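So this one's start33.cif, mmCIF, C-alpha atoms:
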```
data_input
#
loop_
_atom_site.group_PDB
_atom_site.id
_atom_site.type_symbol
_atom_site.label_atom_id
_atom_site.label_comp_id
_atom_site.auth_asym_id
_atom_site.auth_seq_id
_atom_site.Cartn_x
_atom_site.Cartn_y
_atom_site.Cartn_z
ATOM 1 C CA MET A 1219 -42.300 -357.505 -67.372
ATOM 2 C CA ILE A 1220 -42.304 -355.106 -64.394
ATOM 3 C CA LYS A 1221 -42.939 -356.815 -61.037
ATOM 4 C CA ASP A 1222 -45.969 -355.716 -59.055
ATOM 5 C CA ILE A 1223 -45.076 -354.142 -55.699
ATOM 6 C CA ILE A 1224 -47.242 -355.251 -52.778
ATOM 7 C CA THR A 1225 -47.275 -352.853 -49.822
ATOM 8 C CA LEU A 1226 -48.733 -353.661 -46.417
ATOM 9 C CA GLY A 1227 -49.904 -350.408 -44.779
ATOM 10 C CA ILE A 1228 -50.437 -349.894 -41.044
ATOM 11 C CA GLU A 1229 -52.280 -346.873 -39.591
ATOM 12 C CA SER A 1230 -52.773 -346.241 -35.853
ATOM 13 C CA SER A 1231 -52.304 -342.489 -35.396
ATOM 14 C CA CYS A 1232 -55.572 -341.805 -33.551
ATOM 15 C CA ASP A 1233 -58.642 -343.987 -32.974
ATOM 16 C CA GLU A 1234 -58.672 -346.272 -36.027
ATOM 17 C CA THR A 1235 -56.619 -349.455 -36.176
ATOM 18 C CA SER A 1236 -56.250 -350.088 -39.887
ATOM 19 C CA VAL A 1237 -54.212 -352.461 -42.037
ATOM 20 C CA ALA A 1238 -54.345 -352.565 -45.837
ATOM 21 C CA VAL A 1239 -52.716 -354.324 -48.760
ATOM 22 C CA VAL A 1240 -52.170 -352.186 -51.861
ATOM 23 C CA LYS A 1241 -50.658 -353.154 -55.215
ATOM 24 C CA ASN A 1242 -48.449 -350.641 -57.042
ATOM 25 C CA GLY A 1243 -49.597 -347.786 -54.837
ATOM 26 C CA ARG A 1244 -53.071 -347.530 -56.354
ATOM 27 C CA GLU A 1245 -54.927 -350.849 -56.369
ATOM 28 C CA VAL A 1246 -56.473 -351.734 -52.999
ATOM 29 C CA LEU A 1247 -56.554 -355.479 -52.326
ATOM 30 C CA SER A 1248 -57.837 -355.005 -48.771
ATOM 31 C CA ASN A 1249 -58.401 -352.119 -46.372
ATOM 32 C CA ILE A 1250 -59.557 -353.220 -42.914
ATOM 33 C CA ILE A 1251 -60.550 -350.456 -40.484
ATOM 34 C CA ASN A 1252 -61.316 -351.125 -36.824
ATOM 35 C CA SER A 1253 -62.886 -347.910 -35.522
ATOM 36 C CA GLN A 1254 -63.046 -346.888 -31.863
ATOM 37 C CA ILE A 1255 -65.674 -344.156 -32.352
ATOM 38 C CA LYS A 1256 -68.280 -345.954 -30.223
ATOM 39 C CA ILE A 1257 -65.743 -346.340 -27.400
ATOM 40 C CA HIS A 1258 -64.758 -342.643 -27.313
ATOM 41 C CA GLU A 1259 -68.240 -341.247 -28.034
ATOM 42 C CA LYS A 1260 -69.235 -341.289 -24.372
ATOM 43 C CA PHE A 1261 -66.168 -339.181 -23.479
ATOM 44 C CA GLY A 1262 -66.905 -336.528 -26.123
ATOM 45 C CA GLY A 1263 -63.532 -337.088 -27.808
ATOM 46 C CA VAL A 1264 -60.572 -339.434 -28.105
ATOM 47 C CA VAL A 1265 -58.952 -340.546 -24.836
ATOM 48 C CA PRO A 1266 -55.301 -341.294 -25.758
ATOM 49 C CA GLU A 1267 -54.667 -344.052 -23.204
ATOM 50 C CA ILE A 1268 -57.850 -345.911 -24.163
ATOM 51 C CA ALA A 1269 -56.996 -345.530 -27.857
ATOM 52 C CA SER A 1270 -53.529 -347.052 -27.337
ATOM 53 C CA ARG A 1271 -54.889 -350.003 -25.381
ATOM 54 C CA ASN A 1272 -57.471 -350.771 -28.064
ATOM 55 C CA HIS A 1273 -54.843 -350.574 -30.817
ATOM 56 C CA ILE A 1274 -52.809 -353.215 -28.969
ATOM 57 C CA GLU A 1275 -55.835 -355.492 -28.700
ATOM 58 C CA ALA A 1276 -56.901 -355.069 -32.338
ATOM 59 C CA ILE A 1277 -53.770 -354.858 -34.482
ATOM 60 C CA SER A 1278 -52.901 -358.557 -34.834
ATOM 61 C CA GLY A 1279 -56.436 -359.560 -35.787
ATOM 62 C CA VAL A 1280 -56.823 -356.647 -38.215
ATOM 63 C CA THR A 1281 -53.526 -357.577 -39.905
ATOM 64 C CA GLU A 1282 -54.571 -361.208 -40.323
ATOM 65 C CA GLU A 1283 -57.909 -360.093 -41.777
ATOM 66 C CA ALA A 1284 -56.201 -357.747 -44.254
ATOM 67 C CA ILE A 1285 -53.821 -360.480 -45.449
ATOM 68 C CA LYS A 1286 -56.681 -362.976 -45.821
ATOM 69 C CA GLU A 1287 -58.975 -360.585 -47.698
ATOM 70 C CA ALA A 1288 -56.147 -359.586 -50.066
ATOM 71 C CA GLY A 1289 -55.601 -363.244 -50.952
ATOM 72 C CA ILE A 1290 -51.857 -363.091 -50.315
ATOM 73 C CA THR A 1291 -49.364 -364.541 -47.856
ATOM 74 C CA TYR A 1292 -46.814 -362.669 -45.766
ATOM 75 C CA LYS A 1293 -44.134 -363.824 -48.208
ATOM 76 C CA ASP A 1294 -45.826 -361.837 -51.005
ATOM 77 C CA ILE A 1295 -45.253 -358.503 -49.220
ATOM 78 C CA ASP A 1296 -42.534 -356.298 -50.734
ATOM 79 C CA ASN A 1297 -42.751 -353.324 -48.392
ATOM 80 C CA ILE A 1298 -44.213 -352.540 -44.963
ATOM 81 C CA ALA A 1299 -45.392 -348.941 -44.561
ATOM 82 C CA CYS A 1300 -46.531 -347.530 -41.231
ATOM 83 C CA THR A 1301 -47.629 -344.154 -39.942
ATOM 84 C CA TYR A 1302 -44.959 -342.758 -37.601
ATOM 85 C CA GLY A 1303 -46.471 -339.290 -37.215
ATOM 86 C CA PRO A 1304 -48.172 -336.973 -36.676
ATOM 87 C CA GLY A 1305 -50.692 -338.277 -34.155
ATOM 88 C CA LEU A 1306 -51.085 -339.499 -30.580
ATOM 89 C CA VAL A 1307 -47.731 -340.800 -29.422
ATOM 90 C CA GLY A 1308 -49.031 -343.923 -27.666
ATOM 91 C CA ALA A 1309 -51.286 -344.844 -30.570
ATOM 92 C CA LEU A 1310 -48.492 -344.294 -33.097
ATOM 93 C CA LEU A 1311 -46.098 -346.478 -31.104
ATOM 94 C CA VAL A 1312 -48.414 -349.467 -31.389
ATOM 95 C CA GLY A 1313 -48.392 -349.355 -35.203
ATOM 96 C CA VAL A 1314 -44.690 -348.513 -35.471
ATOM 97 C CA SER A 1315 -43.679 -351.307 -33.069
ATOM 98 C CA TYR A 1316 -45.859 -353.863 -34.842
ATOM 99 C CA ALA A 1317 -44.510 -352.816 -38.265
ATOM 100 C CA LYS A 1318 -40.928 -353.060 -37.013
ATOM 101 C CA GLY A 1319 -41.608 -356.530 -35.652
ATOM 102 C CA LEU A 1320 -43.083 -357.657 -38.974
ATOM 103 C CA SER A 1321 -40.202 -356.100 -40.901
ATOM 104 C CA TYR A 1322 -37.639 -357.941 -38.773
ATOM 105 C CA ALA A 1323 -39.477 -361.268 -38.745
ATOM 106 C CA LEU A 1324 -40.189 -361.269 -42.503
ATOM 107 C CA ASN A 1325 -36.942 -359.550 -43.535
ATOM 108 C CA LYS A 1326 -38.934 -356.991 -45.523
ATOM 109 C CA PRO A 1327 -38.179 -353.260 -46.004
ATOM 110 C CA LEU A 1328 -39.798 -350.826 -43.566
ATOM 111 C CA THR A 1329 -41.088 -347.458 -44.762
ATOM 112 C CA GLY A 1330 -42.015 -344.885 -42.106
ATOM 113 C CA THR A 1331 -44.793 -342.773 -43.610
ATOM 114 C CA ASN A 1332 -46.179 -339.326 -42.800
ATOM 115 C CA HIS A 1333 -49.893 -339.468 -41.991
ATOM 116 C CA ILE A 1334 -50.587 -336.233 -43.887
ATOM 117 C CA GLU A 1335 -48.776 -337.506 -46.980
ATOM 118 C CA GLY A 1336 -51.083 -340.496 -46.661
ATOM 119 C CA HIS A 1337 -54.161 -338.267 -46.871
ATOM 120 C CA ILE A 1338 -52.777 -336.725 -50.072
ATOM 121 C CA ALA A 1339 -52.054 -340.189 -51.511
ATOM 122 C CA ALA A 1340 -55.668 -341.284 -50.930
ATOM 123 C CA ASN A 1341 -56.409 -339.357 -54.121
ATOM 124 C CA TYR A 1342 -54.088 -341.642 -56.109
ATOM 125 C CA ILE A 1343 -56.267 -344.605 -55.162
ATOM 126 C CA THR A 1344 -59.565 -342.997 -56.173
ATOM 127 C CA HIS A 1345 -58.154 -341.222 -59.235
ATOM 128 C CA LYS A 1346 -55.831 -343.565 -61.104
ATOM 129 C CA ASP A 1347 -54.988 -340.795 -63.612
ATOM 130 C CA LEU A 1348 -53.875 -338.207 -61.035
ATOM 131 C CA LYS A 1349 -50.182 -337.328 -61.140
ATOM 132 C CA PRO A 1350 -48.195 -334.406 -59.719
ATOM 133 C CA PRO A 1351 -47.938 -331.491 -59.935
ATOM 134 C CA PHE A 1352 -51.205 -330.347 -58.324
ATOM 135 C CA LEU A 1353 -52.501 -328.266 -55.428
ATOM 136 C CA CYS A 1354 -53.914 -330.108 -52.406
ATOM 137 C CA LEU A 1355 -56.107 -328.705 -49.634
ATOM 138 C CA ILE A 1356 -55.704 -330.910 -46.550
ATOM 139 C CA ILE A 1357 -58.572 -330.437 -44.100
ATOM 140 C CA SER A 1358 -58.794 -332.707 -41.064
ATOM 141 C CA GLY A 1359 -59.155 -332.790 -37.297
ATOM 142 C CA GLY A 1360 -55.537 -331.796 -36.812
ATOM 143 C CA HIS A 1361 -54.576 -329.989 -40.020
ATOM 144 C CA THR A 1362 -55.593 -327.285 -42.437
ATOM 145 C CA HIS A 1363 -52.852 -327.029 -45.061
ATOM 146 C CA LEU A 1364 -52.535 -325.815 -48.625
ATOM 147 C CA VAL A 1365 -49.770 -327.902 -50.175
ATOM 148 C CA TYR A 1366 -48.242 -327.776 -53.632
ATOM 149 C CA ILE A 1367 -47.440 -331.346 -54.642
ATOM 150 C CA GLN A 1368 -44.431 -330.921 -56.934
ATOM 151 C CA ASP A 1369 -43.748 -334.661 -57.122
ATOM 152 C CA TYR A 1370 -44.814 -337.814 -55.262
ATOM 153 C CA ASN A 1371 -42.343 -337.106 -52.443
ATOM 154 C CA LYS A 1372 -41.832 -333.368 -52.835
ATOM 155 C CA PHE A 1373 -44.208 -331.062 -50.970
ATOM 156 C CA ASP A 1374 -44.321 -327.313 -50.496
ATOM 157 C CA ILE A 1375 -46.621 -325.907 -47.782
ATOM 158 C CA ILE A 1376 -47.906 -322.563 -49.027
ATOM 159 C CA GLY A 1377 -50.628 -321.927 -46.459
ATOM 160 C CA LYS A 1378 -51.826 -323.351 -43.125
ATOM 161 C CA THR A 1379 -53.968 -322.542 -40.116
ATOM 162 C CA ARG A 1380 -52.515 -320.160 -37.567
ATOM 163 C CA ASP A 1381 -54.658 -321.559 -34.752
ATOM 164 C CA ASP A 1382 -57.397 -324.223 -34.862
ATOM 165 C CA ALA A 1383 -57.560 -326.897 -37.526
ATOM 166 C CA ILE A 1384 -60.891 -326.891 -39.326
ATOM 167 C CA GLY A 1385 -61.909 -330.310 -37.968
ATOM 168 C CA GLU A 1386 -61.115 -329.166 -34.450
ATOM 169 C CA ALA A 1387 -63.506 -326.219 -34.936
ATOM 170 C CA PHE A 1388 -66.245 -328.555 -36.207
ATOM 171 C CA ASP A 1389 -65.843 -330.826 -33.171
ATOM 172 C CA LYS A 1390 -65.828 -327.979 -30.637
ATOM 173 C CA ILE A 1391 -68.936 -326.356 -32.117
ATOM 174 C CA ALA A 1392 -70.750 -329.704 -32.215
ATOM 175 C CA ARG A 1393 -69.898 -330.307 -28.551
ATOM 176 C CA VAL A 1394 -71.049 -326.831 -27.428
ATOM 177 C CA ILE A 1395 -74.409 -327.012 -29.203
ATOM 178 C CA GLY A 1396 -75.033 -330.548 -27.939
ATOM 179 C CA LEU A 1397 -74.479 -332.676 -31.046
ATOM 180 C CA GLY A 1398 -71.735 -334.818 -29.515
ATOM 181 C CA TYR A 1399 -68.733 -336.600 -31.038
ATOM 182 C CA PRO A 1400 -67.636 -336.949 -33.806
ATOM 183 C CA GLY A 1401 -68.706 -333.420 -34.668
ATOM 184 C CA GLY A 1402 -67.957 -333.088 -38.389
ATOM 185 C CA PRO A 1403 -70.590 -335.475 -39.803
ATOM 186 C CA LYS A 1404 -73.210 -334.289 -37.271
ATOM 187 C CA VAL A 1405 -72.729 -330.613 -38.133
ATOM 188 C CA ASP A 1406 -72.868 -331.513 -41.836
ATOM 189 C CA ARG A 1407 -76.191 -333.363 -41.440
ATOM 190 C CA LEU A 1408 -77.840 -330.663 -39.329
ATOM 191 C CA ALA A 1409 -76.630 -327.874 -41.648
ATOM 192 C CA ARG A 1410 -78.661 -329.509 -44.440
ATOM 193 C CA GLU A 1411 -81.804 -328.560 -42.528
ATOM 194 C CA GLY A 1412 -80.842 -324.909 -42.058
ATOM 195 C CA GLU A 1413 -80.113 -321.669 -43.890
ATOM 196 C CA PRO A 1414 -76.779 -319.773 -43.710
ATOM 197 C CA ASN A 1415 -78.531 -316.619 -42.476
ATOM 198 C CA ILE A 1416 -76.365 -315.758 -39.443
ATOM 199 C CA ASP A 1417 -73.631 -313.148 -39.942
ATOM 200 C CA LEU A 1418 -70.276 -314.252 -38.604
ATOM 201 C CA PRO A 1419 -67.180 -312.052 -38.159
ATOM 202 C CA LYS A 1420 -64.634 -312.360 -40.961
ATOM 203 C CA THR A 1421 -60.983 -312.906 -40.052
ATOM 204 C CA HIS A 1422 -58.601 -311.032 -42.336
ATOM 205 C CA ILE A 1423 -55.148 -312.580 -42.748
ATOM 206 C CA GLU A 1424 -52.489 -311.618 -45.254
ATOM 207 C CA GLY A 1425 -51.272 -314.323 -47.606
ATOM 208 C CA LEU A 1426 -52.661 -317.862 -47.793
ATOM 209 C CA ASP A 1427 -52.916 -318.810 -44.113
ATOM 210 C CA PHE A 1428 -56.180 -319.648 -42.339
ATOM 211 C CA SER A 1429 -57.692 -318.865 -38.940
ATOM 212 C CA PHE A 1430 -60.747 -320.573 -37.456
ATOM 213 C CA SER A 1431 -60.515 -319.648 -33.757
ATOM 214 C CA GLY A 1432 -62.444 -316.400 -34.293
ATOM 215 C CA VAL A 1433 -65.469 -317.951 -35.973
ATOM 216 C CA LYS A 1434 -65.455 -320.819 -33.466
ATOM 217 C CA THR A 1435 -65.485 -318.368 -30.535
ATOM 218 C CA ALA A 1436 -68.184 -316.226 -32.187
ATOM 219 C CA ILE A 1437 -70.511 -319.212 -32.566
ATOM 220 C CA ILE A 1438 -69.859 -320.430 -29.014
ATOM 221 C CA ASN A 1439 -70.588 -316.947 -27.594
ATOM 222 C CA LEU A 1440 -73.704 -316.594 -29.723
ATOM 223 C CA HIS A 1441 -74.999 -319.939 -28.468
ATOM 224 C CA HIS A 1442 -74.231 -319.049 -24.828
ATOM 225 C CA LYS A 1443 -76.113 -315.737 -25.147
ATOM 226 C CA ASN A 1444 -79.039 -317.312 -26.976
ATOM 227 C CA PRO A 1445 -79.329 -321.076 -26.297
ATOM 228 C CA ASP A 1446 -82.561 -321.119 -28.342
ATOM 229 C CA VAL A 1447 -80.813 -320.020 -31.531
ATOM 230 C CA ASN A 1448 -81.701 -322.217 -34.519
ATOM 231 C CA LYS A 1449 -78.914 -324.820 -34.463
ATOM 232 C CA ALA A 1450 -79.441 -325.882 -38.066
ATOM 233 C CA ASN A 1451 -78.989 -322.282 -39.237
ATOM 234 C CA LEU A 1452 -75.949 -321.946 -36.994
ATOM 235 C CA CYS A 1453 -74.345 -325.039 -38.542
ATOM 236 C CA ALA A 1454 -75.227 -323.919 -42.079
ATOM 237 C CA SER A 1455 -73.754 -320.469 -41.442
ATOM 238 C CA PHE A 1456 -70.554 -321.975 -40.031
ATOM 239 C CA GLU A 1457 -70.188 -324.343 -42.985
ATOM 240 C CA LYS A 1458 -70.659 -321.508 -45.465
ATOM 241 C CA TYR A 1459 -68.134 -319.326 -43.646
ATOM 242 C CA VAL A 1460 -65.382 -321.967 -43.569
ATOM 243 C CA THR A 1461 -66.078 -323.102 -47.131
ATOM 244 C CA ASP A 1462 -65.887 -319.536 -48.468
ATOM 245 C CA THR A 1463 -62.564 -319.115 -46.641
ATOM 246 C CA LEU A 1464 -61.176 -322.379 -48.021
ATOM 247 C CA LEU A 1465 -62.283 -321.511 -51.557
ATOM 248 C CA GLU A 1466 -60.847 -318.005 -51.429
ATOM 249 C CA ASN A 1467 -57.355 -319.112 -50.374
ATOM 250 C CA THR A 1468 -57.307 -322.184 -52.615
ATOM 251 C CA LEU A 1469 -58.203 -320.115 -55.687
ATOM 252 C CA LYS A 1470 -55.570 -317.528 -54.791
ATOM 253 C CA ALA A 1471 -52.948 -320.287 -54.502
ATOM 254 C CA ALA A 1472 -54.021 -321.968 -57.756
ATOM 255 C CA LYS A 1473 -53.698 -318.669 -59.641
ATOM 256 C CA GLN A 1474 -50.294 -317.922 -58.106
ATOM 257 C CA LEU A 1475 -48.992 -321.396 -58.998
ATOM 258 C CA LYS A 1476 -50.796 -321.469 -62.363
ATOM 259 C CA VAL A 1477 -52.234 -324.934 -61.649
ATOM 260 C CA LYS A 1478 -55.588 -326.268 -62.785
ATOM 261 C CA LYS A 1479 -55.624 -329.493 -60.738
ATOM 262 C CA ILE A 1480 -56.922 -329.163 -57.161
ATOM 263 C CA ALA A 1481 -57.285 -332.097 -54.753
ATOM 264 C CA LEU A 1482 -59.057 -332.278 -51.397
ATOM 265 C CA ALA A 1483 -57.817 -334.586 -48.632
ATOM 266 C CA GLY A 1484 -58.450 -335.395 -44.965
ATOM 267 C CA GLY A 1485 -61.544 -336.224 -42.941
ATOM 268 C CA VAL A 1486 -63.283 -332.881 -43.495
ATOM 269 C CA SER A 1487 -63.033 -333.345 -47.272
ATOM 270 C CA ALA A 1488 -65.969 -335.759 -46.840
ATOM 271 C CA ASN A 1489 -68.175 -332.776 -45.903
ATOM 272 C CA SER A 1490 -70.974 -332.632 -48.476
ATOM 273 C CA TYR A 1491 -71.261 -328.827 -48.680
ATOM 274 C CA ILE A 1492 -67.506 -328.302 -49.068
ATOM 275 C CA ARG A 1493 -67.407 -330.877 -51.871
ATOM 276 C CA GLU A 1494 -70.369 -329.322 -53.677
ATOM 277 C CA GLU A 1495 -68.849 -325.853 -53.605
ATOM 278 C CA PHE A 1496 -65.416 -327.039 -54.763
ATOM 279 C CA ILE A 1497 -66.927 -329.057 -57.618
ATOM 280 C CA LYS A 1498 -68.386 -325.768 -58.933
ATOM 281 C CA LEU A 1499 -64.806 -324.682 -59.674
ATOM 282 C CA GLU A 1500 -64.893 -327.074 -62.617
ATOM 283 C CA ASN A 1501 -67.106 -324.473 -64.329
ATOM 284 C CA LYS A 1502 -64.080 -322.144 -64.115
ATOM 285 C CA GLY A 1503 -61.739 -324.603 -65.821
ATOM 286 C CA TYR A 1504 -60.315 -326.391 -62.762
ATOM 287 C CA LYS A 1505 -60.214 -330.162 -62.318
ATOM 288 C CA ILE A 1506 -61.272 -331.160 -58.805
ATOM 289 C CA TYR A 1507 -60.203 -334.425 -57.160
ATOM 290 C CA TYR A 1508 -61.255 -335.922 -53.830
ATOM 291 C CA PRO A 1509 -61.096 -339.424 -52.327
ATOM 292 C CA GLU A 1510 -64.140 -341.610 -51.853
ATOM 293 C CA PRO A 1511 -65.537 -341.133 -48.295
ATOM 294 C CA ILE A 1512 -63.920 -344.269 -46.768
ATOM 295 C CA LEU A 1513 -60.505 -342.950 -47.872
ATOM 296 C CA CYS A 1514 -61.059 -339.460 -46.408
ATOM 297 C CA THR A 1515 -60.955 -340.620 -42.803
ATOM 298 C CA ASP A 1516 -57.944 -342.437 -41.326
ATOM 299 C CA ASN A 1517 -57.195 -345.696 -43.125
ATOM 300 C CA ALA A 1518 -54.185 -347.842 -43.997
ATOM 301 C CA ALA A 1519 -54.724 -347.934 -47.782
ATOM 302 C CA MET A 1520 -53.631 -344.292 -48.020
ATOM 303 C CA ILE A 1521 -50.545 -345.089 -45.905
ATOM 304 C CA ALA A 1522 -49.695 -348.017 -48.163
ATOM 305 C CA SER A 1523 -50.031 -345.743 -51.213
ATOM 306 C CA ALA A 1524 -47.788 -343.027 -49.758
ATOM 307 C CA GLY A 1525 -45.382 -345.709 -48.493
ATOM 308 C CA TYR A 1526 -45.184 -347.218 -51.970
ATOM 309 C CA TYR A 1527 -43.941 -343.926 -53.447
ATOM 310 C CA ARG A 1528 -41.400 -343.581 -50.629
ATOM 311 C CA TYR A 1529 -40.229 -347.141 -51.241
ATOM 312 C CA MET A 1530 -39.919 -346.529 -54.991
ATOM 313 C CA SER A 1531 -37.771 -343.464 -54.310
ATOM 314 C CA GLY A 1532 -35.438 -345.538 -52.109
ATOM 315 C CA THR A 1533 -36.550 -343.933 -48.831
ATOM 316 C CA ILE A 1534 -36.319 -346.910 -46.468
ATOM 317 C CA SER A 1535 -36.417 -346.733 -42.664
ATOM 318 C CA ASN A 1536 -34.426 -348.836 -40.223
ATOM 319 C CA LEU A 1537 -35.462 -350.520 -36.987
ATOM 320 C CA GLU A 1538 -34.639 -347.357 -35.032
ATOM 321 C CA LEU A 1539 -37.780 -345.740 -36.499
ATOM 322 C CA ASN A 1540 -39.713 -344.016 -33.720
ATOM 323 C CA ALA A 1541 -43.073 -342.281 -33.358
ATOM 324 C CA ILE A 1542 -42.977 -338.504 -33.898
ATOM 325 C CA PRO A 1543 -46.319 -337.055 -32.695
ATOM 326 C CA ASN A 1544 -45.663 -333.552 -34.123
ATOM 327 C CA LEU A 1545 -44.100 -334.717 -37.415
ATOM 328 C CA LYS A 1546 -44.211 -332.060 -40.150
ATOM 329 C CA ILE A 1547 -44.903 -332.727 -43.801
#
```

Written as structure tokens, that's how I'd like the structure from this file.
Amino acid sequence: MIKDIITLGIESSCDETSVAVVKNGREVLSNIINSQIKIHEKFGGVVPEIASRNHIEAISGVTEEAIKEAGITYKDIDNIACTYGPGLVGALLVGVSYAKGLSYALNKPLTGTNHIEGHIAANYITHKDLKPPFLCLIISGGHTHLVYIQDYNKFDIIGKTRDDAIGEAFDKIARVIGLGYPGGPKVDRLAREGEPNIDLPKTHIEGLDFSFSGVKTAIINLHHKNPDVNKANLCASFEKYVTDTLLENTLKAAKQLKVKKIALAGGVSANSYIREEFIKLENKGYKIYYPEPILCTDNAAMIASAGYYRYMSGTISNLELNAIPNLKI
């Protein structure tokens, strides 16, 4: 009989303090998320120093809650996975330091885990049948990547943004037109009330890379020149523009790689319009995967899943593990 592997995941890369317990990389026993959105809302974005301080205050309690909800003891843990990048350096250090302390005190293996690999792994939790190889579109506040997942720990970036990440563009547009923070969900809701009837300039880039600075600037300028412009139509037009761009490059990549499995990952993959348009690809013979909404935003279950596959491959960290804010996939 094969022993179940219990992984404790810790995520603190931005403004969520999260701890989860996951069995065999795919079965979530607990996934506690302490969000700081209400704290940072009044500032219009995440304040790094405040985020770090709140992680320090929350992490012990969140860990205890995750252990209790999972119905396990600390002795039952086989592996401790923590996000060590990319993210805000101070925020990352809280999770890394806490994980190192637990690893030392419990004499359990430590697995430093890439936050972006975590977003990819969120799909393994929602879709128990999903296995590599497949194509993954990672769309979040800090990243817009097209990645070919050759194996659980083997990734090939085939396209990425040359300037703004898509989530960054959502947040900036929301701030300029007065929707506030966090921008993504607010733009999504308002776009539902509008029509995509505003022409926006198309950015032409060779290959599979993306660019969102042009459309972001165009919308900001349009709003400055005409503050009375219909904001719902503006949001709907922006969503259609970025979705068309994402679809175009993703389809190009899928045809080049001859893959039929396409996964979405990252916070922006919770956007309702983007999901609807990607699901339509199933009419063309593609299989589309995406995590349930709670697993799209930052959470520790996805880190535990990615950490499990690192652990199973023998990739173990030591107590010299440090935060790397600009860590690449």

query: Excluding same-chain residues fewer than 2 positions from A:Leu1226, what lies within 7 Å of it counting only C-alpha atoms, as number ranges by chain?
result: A: 1224, 1228, 1238-1240, 1295, 1297-1299, 1522

message: Set the distance at 10 Å and use only C-alpha atoms: which residues neighbour A:His1442 once local chain neighbours fewer than 5 positions away are removed? I'd like the list as a list in words.
response: Val1394, Ile1395, Ala1436, Ile1437 and Val1447 of chain A

With all atoms listed in the file counted and 7 Å as the cut-off, give the residues of stretch 1436-1485 of chain A in contact with stretch 1398-1418 of chain A, each with its shortest interatomic distance in Å and the pair that gives it, as a Markdown table.
```
| residue | atom | partner | partner_atom | distance |
| --- | --- | --- | --- | --- |
| A:Ala1450 | CA | A:Gly1412 | CA | 4.3 |
| A:Asn1451 | CA | A:Gly1412 | CA | 4.3 |
| A:Leu1452 | CA | A:Ile1416 | CA | 6.7 |
| A:Cys1453 | CA | A:Ala1409 | CA | 4.8 |
| A:Ala1454 | CA | A:Ala1409 | CA | 4.2 |
| A:Ser1455 | CA | A:Pro1414 | CA | 3.8 |
| A:Lys1458 | CA | A:Pro1414 | CA | 6.6 |
```

- request: Around the point (-57.2, -323.6, -43.9), in the coordinates given by the file, pick out the residues reaching within 9 Å, counting all atoms listed in the file, and return them as a PyMOL selection string.
  value: chain A and resi 1355-1357+1361-1364+1377-1380+1383-1384+1426-1430+1460+1463-1464+1467-1468

Residues as selected, C-alpha atoms, written as a PDB file, in the coordinates of the input, can you do that?
```
ATOM      1  CA  LEU A1355     -56.107-328.705 -49.634  1.00  0.00           C
ATOM      2  CA  ILE A1356     -55.704-330.910 -46.550  1.00  0.00           C
ATOM      3  CA  ILE A1357     -58.572-330.437 -44.100  1.00  0.00           C
ATOM      4  CA  HIS A1361     -54.576-329.989 -40.020  1.00  0.00           C
ATOM      5  CA  THR A1362     -55.593-327.285 -42.437  1.00  0.00           C
ATOM      6  CA  HIS A1363     -52.852-327.029 -45.061  1.00  0.00           C
ATOM      7  CA  LEU A1364     -52.535-325.815 -48.625  1.00  0.00           C
ATOM      8  CA  GLY A1377     -50.628-321.927 -46.459  1.00  0.00           C
ATOM      9  CA  LYS A1378     -51.826-323.351 -43.125  1.00  0.00           C
ATOM     10  CA  THR A1379     -53.968-322.542 -40.116  1.00  0.00           C
ATOM     11  CA  ARG A1380     -52.515-320.160 -37.567  1.00  0.00           C
ATOM     12  CA  ALA A1383     -57.560-326.897 -37.526  1.00  0.00           C
ATOM     13  CA  ILE A1384     -60.891-326.891 -39.326  1.00  0.00           C
ATOM     14  CA  LEU A1426     -52.661-317.862 -47.793  1.00  0.00           C
ATOM     15  CA  ASP A1427     -52.916-318.810 -44.113  1.00  0.00           C
ATOM     16  CA  PHE A1428     -56.180-319.648 -42.339  1.00  0.00           C
ATOM     17  CA  SER A1429     -57.692-318.865 -38.940  1.00  0.00           C
ATOM     18  CA  PHE A1430     -60.747-320.573 -37.456  1.00  0.00           C
ATOM     19  CA  VAL A1460     -65.382-321.967 -43.569  1.00  0.00           C
ATOM     20  CA  THR A1463     -62.564-319.115 -46.641  1.00  0.00           C
ATOM     21  CA  LEU A1464     -61.176-322.379 -48.021  1.00  0.00           C
ATOM     22  CA  ASN A1467     -57.355-319.112 -50.374  1.00  0.00           C
ATOM     23  CA  THR A1468     -57.307-322.184 -52.615  1.00  0.00           C
TER      24      THR A1468
END
```

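With atom CA of A:Lys1505 on one side and atom CA of A:Lys1479 on the other, the separation reads 4.9 Å.
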
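What separates atom CA of A:His1345 from atom CA of A:Ser1358 is a distance of 20.1 Å.
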
field: Atomic separation - atom CA of A:Asn1517 relative to atom CA of A:Ile1250, Å
entry: 7.9 Å

Considering only C-alpha atoms, return as a PDB file with C-alpha atoms, keeping the file's coordinate frame whatever protein or nucleic-acid residues lie within 9 Å of A:Ala1481, sequence-local ones (same chain, fewer than 3 positions apart) excluded.
```
ATOM      1  CA  ILE A1338     -52.777-336.725 -50.072  1.00  0.00           C
ATOM      2  CA  ASN A1341     -56.409-339.357 -54.121  1.00  0.00           C
ATOM      3  CA  PHE A1352     -51.205-330.347 -58.324  1.00  0.00           C
ATOM      4  CA  LEU A1353     -52.501-328.266 -55.428  1.00  0.00           C
ATOM      5  CA  CYS A1354     -53.914-330.108 -52.406  1.00  0.00           C
ATOM      6  CA  LEU A1355     -56.107-328.705 -49.634  1.00  0.00           C
ATOM      7  CA  ILE A1356     -55.704-330.910 -46.550  1.00  0.00           C
ATOM      8  CA  LYS A1505     -60.214-330.162 -62.318  1.00  0.00           C
ATOM      9  CA  ILE A1506     -61.272-331.160 -58.805  1.00  0.00           C
ATOM     10  CA  TYR A1507     -60.203-334.425 -57.160  1.00  0.00           C
ATOM     11  CA  TYR A1508     -61.255-335.922 -53.830  1.00  0.00           C
ATOM     12  CA  PRO A1509     -61.096-339.424 -52.327  1.00  0.00           C
TER      13      PRO A1509
END
```
